[in-house]
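Next comes protein.txt, with compact mmCIF, C-alpha atoms.
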# COMPACT_ATOMS: atom_id res chain seq x y z
CA MET A 105 0.00 0.00 0.00
CA GLN A 106 1.11 3.57 -0.59
CA ASN A 107 0.45 6.80 1.28
CA LYS A 108 -0.05 9.93 -0.76
CA ILE A 109 0.98 13.24 0.65
CA VAL A 110 -0.35 16.24 -1.24
CA ILE A 111 1.66 19.42 -0.94
CA ASP A 112 -0.13 22.61 -1.97
CA ILE A 113 2.28 25.37 -2.96
CA ASN A 114 0.82 28.55 -4.47
CA ASP A 115 -2.34 26.77 -5.63
CA GLY A 116 -0.28 24.11 -7.38
CA LYS A 117 -0.49 20.59 -6.00
CA THR A 118 2.38 18.15 -5.93
CA GLU A 119 1.81 14.56 -4.92
CA LEU A 120 4.51 12.71 -3.08
CA VAL A 121 3.90 8.98 -2.88
CA ILE A 122 5.52 7.13 0.00
CA ASP A 123 5.32 3.36 0.22
CA ASP A 124 3.97 2.00 3.53
CA SER A 125 7.13 -0.09 3.96
CA VAL A 126 9.18 3.12 4.06
CA VAL A 127 6.87 4.65 6.67
CA LYS A 128 7.10 1.42 8.69
CA GLU A 129 10.90 1.61 8.50
CA TRP A 130 10.81 5.20 9.81
CA ILE A 131 8.53 4.17 12.67
CA ASP A 132 10.70 1.16 13.53
CA THR A 133 13.82 3.37 13.57
CA TYR A 134 11.99 5.87 15.78
CA LYS A 135 10.95 3.14 18.23
CA GLU A 136 14.49 1.77 18.41
CA TYR A 137 16.43 5.03 18.80
CA SER A 138 14.12 7.70 20.26
CA PRO A 139 14.43 6.35 23.83
CA MET A 140 18.22 6.72 23.58
CA LEU A 141 18.32 10.23 22.07
CA ARG A 142 18.26 13.48 24.01
CA PRO A 143 17.83 17.06 22.77
CA ASN A 144 21.14 18.21 21.30
CA ARG A 145 20.19 20.75 18.64
CA LYS A 146 22.92 23.23 17.73
CA THR A 147 22.18 26.93 17.40
CA VAL A 148 22.18 28.75 14.10
CA ALA A 149 25.38 30.51 15.20
CA GLU A 150 27.06 27.11 15.65
CA ILE A 151 25.89 26.02 12.21
CA VAL A 152 27.18 29.24 10.62
CA GLU A 153 30.55 28.61 12.29
CA TYR A 154 30.55 25.01 11.01
CA ILE A 155 29.78 26.11 7.46
CA ILE A 156 32.45 28.82 7.42
CA LEU A 157 35.08 26.48 8.87
CA ASN A 158 34.32 23.67 6.43
CA TYR A 159 33.32 25.26 3.12
CA PRO A 160 34.06 28.31 0.97
CA ALA A 161 30.89 30.23 1.79
CA GLU A 162 29.69 33.68 0.89
CA GLU A 163 26.85 35.44 2.68
CA ASP A 164 24.09 36.86 0.48
CA LYS A 165 22.27 39.78 2.09
CA SER A 166 19.84 40.38 -0.76
CA GLU A 167 16.17 40.81 0.12
CA LYS A 168 15.28 38.26 -2.57
CA CYS A 169 17.25 35.48 -0.87
CA LYS A 170 16.10 36.51 2.60
CA SER A 171 12.46 36.39 1.46
CA VAL A 172 12.97 32.79 0.27
CA VAL A 173 14.03 31.84 3.81
CA VAL A 174 11.14 33.76 5.41
CA ASN A 175 8.63 32.11 3.05
CA ASN A 176 10.04 28.67 3.85
CA ILE A 177 9.61 29.36 7.57
CA THR A 178 6.08 30.75 7.34
CA MET A 179 4.93 27.85 5.12
CA ASN A 180 6.51 25.23 7.41
CA GLU A 181 4.13 24.84 10.35
CA PRO A 182 6.59 23.51 12.95
CA PHE A 183 8.84 26.52 12.37
CA ALA A 184 6.02 29.03 11.77
CA LYS A 185 4.75 28.39 15.30
CA ARG A 186 8.24 29.23 16.62
CA ILE A 187 8.19 32.77 15.24
CA PRO A 188 8.61 35.00 18.29
CA TYR A 189 5.49 37.13 18.76
CA GLY A 190 6.10 40.71 17.73
CA ASN A 191 9.58 40.00 16.39
CA ASP A 192 10.67 40.16 12.80
CA LEU A 193 12.53 37.24 11.33
CA ASP A 194 16.24 37.75 10.68
CA PRO A 195 17.22 35.33 7.91
CA ILE A 196 20.80 34.47 7.02
CA VAL A 197 21.72 33.10 3.60
CA PHE A 198 24.99 31.58 2.44
CA PHE A 199 25.99 30.29 -0.96
CA ILE A 200 28.66 27.62 -1.13
CA LYS A 201 31.26 28.33 -3.78
CA ASN A 202 32.19 25.51 -6.14
CA GLU A 203 35.81 25.30 -5.03
CA GLY A 204 37.99 23.41 -2.58
CA ARG A 205 36.13 20.94 -0.40
CA ALA A 206 32.81 22.03 -1.92
CA ASN A 207 33.80 20.61 -5.33
CA ASP A 208 32.72 17.20 -4.05
CA LEU A 209 29.27 18.55 -3.12
CA TYR A 210 28.79 19.92 -6.63
CA GLN A 211 30.03 16.66 -8.18
CA LYS A 212 27.34 14.74 -6.26
CA GLN A 213 24.45 16.96 -7.38
CA GLU A 214 21.78 15.14 -9.34
CA GLY A 215 18.28 15.55 -10.72
CA ILE A 216 16.83 19.06 -10.50
CA TYR A 217 19.79 20.14 -8.36
CA LYS A 218 22.39 19.37 -11.02
CA ASN A 219 24.53 22.46 -11.69
CA VAL A 220 22.61 24.83 -9.36
CA PRO A 221 24.23 26.97 -6.66
CA ILE A 222 24.13 25.45 -3.17
CA MET A 223 22.29 27.73 -0.76
CA ILE A 224 21.88 27.46 3.00
CA GLY A 225 19.05 29.44 4.59
CA MET A 226 18.84 29.94 8.36
CA GLU A 227 17.02 32.00 10.97
CA SER A 228 18.09 32.28 14.61
CA GLY A 229 14.76 33.01 16.32
CA THR A 230 13.08 29.90 14.95
CA GLY A 231 16.17 27.71 14.56
CA PHE A 232 15.21 27.09 10.94
CA VAL A 233 17.98 25.67 8.74
CA TYR A 234 17.68 24.26 5.26
CA VAL A 235 19.94 23.45 2.34
CA GLU A 236 18.96 23.89 -1.29
CA GLY A 237 20.97 22.28 -4.06
CA SER A 238 22.86 19.56 -2.20
CA LYS A 239 21.36 16.48 -0.59
CA GLU A 240 24.87 15.63 0.61
CA LEU A 241 25.31 18.91 2.51
CA SER A 242 21.75 18.70 3.82
CA ASP A 243 22.53 15.28 5.31
CA GLU A 244 25.83 16.54 6.75
CA ILE A 245 24.16 19.48 8.45
CA THR A 246 21.33 17.28 9.73
CA ALA A 247 23.89 15.00 11.40
CA PHE A 248 25.75 18.00 12.85
CA GLN A 249 22.69 19.99 13.92
CA GLY A 250 20.90 17.43 16.07
CA LEU A 251 17.28 17.60 17.22
CA ASP A 252 15.39 19.52 19.89
CA SER A 253 12.80 18.03 22.26
CA ASP A 254 9.86 18.75 19.91
CA GLU A 255 11.68 17.22 16.94
CA LEU A 256 12.47 14.10 18.97
CA THR A 257 8.72 13.32 19.02
CA ASN A 258 8.50 13.21 15.20
CA PHE A 259 9.16 9.72 13.82
CA TYR A 260 10.29 10.98 10.40
CA LEU A 261 12.74 13.55 11.83
CA VAL A 262 14.25 10.97 14.21
CA ALA A 263 14.56 8.38 11.43
CA ASN A 264 16.18 10.91 9.09
CA TYR A 265 18.56 12.09 11.82
CA VAL A 266 19.58 8.49 12.61
CA ARG A 267 20.08 7.81 8.87
CA CYS A 268 22.37 10.84 8.61
CA LEU A 269 24.30 9.91 11.76
CA LYS A 270 24.88 6.42 10.37
CA LYS A 271 25.96 7.86 7.01
CA TYR A 272 28.71 9.86 8.73
CA ASN A 273 29.54 7.16 11.30
CA ARG A 274 28.39 9.39 14.18
CA LEU A 275 25.54 7.34 15.67
CA ASN A 276 27.61 5.67 18.39
CA GLU A 277 29.25 8.99 19.27
CA VAL A 278 25.83 10.64 19.77
CA LEU A 279 24.41 7.67 21.69
CA ASN A 280 27.52 7.42 23.89
CA HIS A 281 27.42 11.15 24.56
CA THR A 282 23.78 10.79 25.64
CA LYS A 283 24.69 7.93 27.99
CA HIS A 284 27.70 9.86 29.36
CA ASN A 285 25.52 12.89 30.12
CA GLU A 286 23.06 10.71 32.05
CA LEU A 287 25.73 9.38 34.41
Structure encoded using structure tokens:
Amino acid sequence: MQNKIVIDINDGKTELVIDDSVVKEWIDTYKEYSPMLRPNRKTVAEIVEYIILNYPAEEDKSEKCKSVVVNNITMNEPFAKRIPYGNDLDPIVFFIKNEGRANDLYQKQEGIYKNVPIMIGMESGTGFVYVEGSKELSDEITAFQGLDSDELTNFYLVANYVRCLKKYNRLNEVLNHTKHNEL
């Protein structure tokens, strides 16, 4: 059986079909690992530092790019509800240059992301972080960023986080750190 998720963006509907076996795998991963995980989400400042230390990045302060981040936050319910009342959002946007260590990220681009600039959008007040143009960098940042207590209740987010930790051989490190902190 398949689950259909319909995403409505600007009156255009996109269907995403997810097989029940995939959903079951996410739920099984959640059941196995969620009891062992604790909130460990990094701040946007820590993620900015990580990006700058690891990749040739250039900040883009254009209103066009900032509005993309704001729109992503306001259309993403979990983050939209985190918008501080009465405060404006303060988005940060970086583009990763296709040089040095980032060459590998651009080499691994595929599908609609082939040959597009890699962009990272963030916002401190909501903790929103997303990567456009590189599944590889998105996975890397997911493994680095961690999850907060709300995110640890979402079976998909936990399963995706565990997948990324395994991909970068960091699962045992995170689980051991959790155990160490409980002692």
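Pairwise distance (atom CA of Trp130 of chain A, atom CA of Asp254 of chain A) equals 16.9 Å.
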Excluding segment 191-197 of chain A and its own-chain neighbours fewer than 5 positions away, which residues fall within 6 Å of it when counting only C-alpha atoms? Please give them as a list in words.
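Close residues of segment 191-197 of chain A: Glu163, Asp164, Lys170, Ile224, Gly225, Met226 and Glu227 of chain A.
Neighbouring residues of segment 255-268 of chain A at 6 Å or closer, counting all atoms listed in the file and skipping chain neighbours under 6 positions away, are A:Trp130, A:Ile131, A:Thr133, A:Tyr134, A:Asp243, A:Ala247.
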Check the smallest atom-to-atom distance from each of A:Ser125, A:Asn273, A:Thr178, A:Asn158 to Glu203 of chain A using all atoms listed in the file, then report the winner.
A:Asn158
Between A:Tyr210, A:Glu277, A:Ile216, A:Val233, which one has atoms that come closest to Ile245 of chain A, using all atoms listed in the file?
A:Val233
Atom CA of Ser238 of chain A to atom CA of Leu279 of chain A, straight-line distance in Å:
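Value for the atom CA of Leu279 of chain A-atom CA of Ser238 of chain A distance: 26.7 Å.
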Return the single residue from A:Phe232, A:Tyr272, A:Phe199, A:Tyr159 that is closest to Phe183 of chain A, with distances computed using all atoms listed in the file.
A:Phe232
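Using only C-alpha atoms, the nearest neighbour of Gly204 of chain A within the list A:Ala161, A:Met223, A:Cys169, A:Met179 is A:Ala161.
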A straight line from atom CA of Phe248 of chain A to atom CA of Lys146 of chain A spans 7.7 Å
Mind checking which residues fall within 12 Å of His281 of chain A, counting only C-alpha atoms, ignoring those fewer than 6 positions away in the same chain, and posting them as a list in words?
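Those residues are Met140, Leu141, Arg142, Pro143, Asn144, Arg274, Leu275 and Leu287 of chain A.
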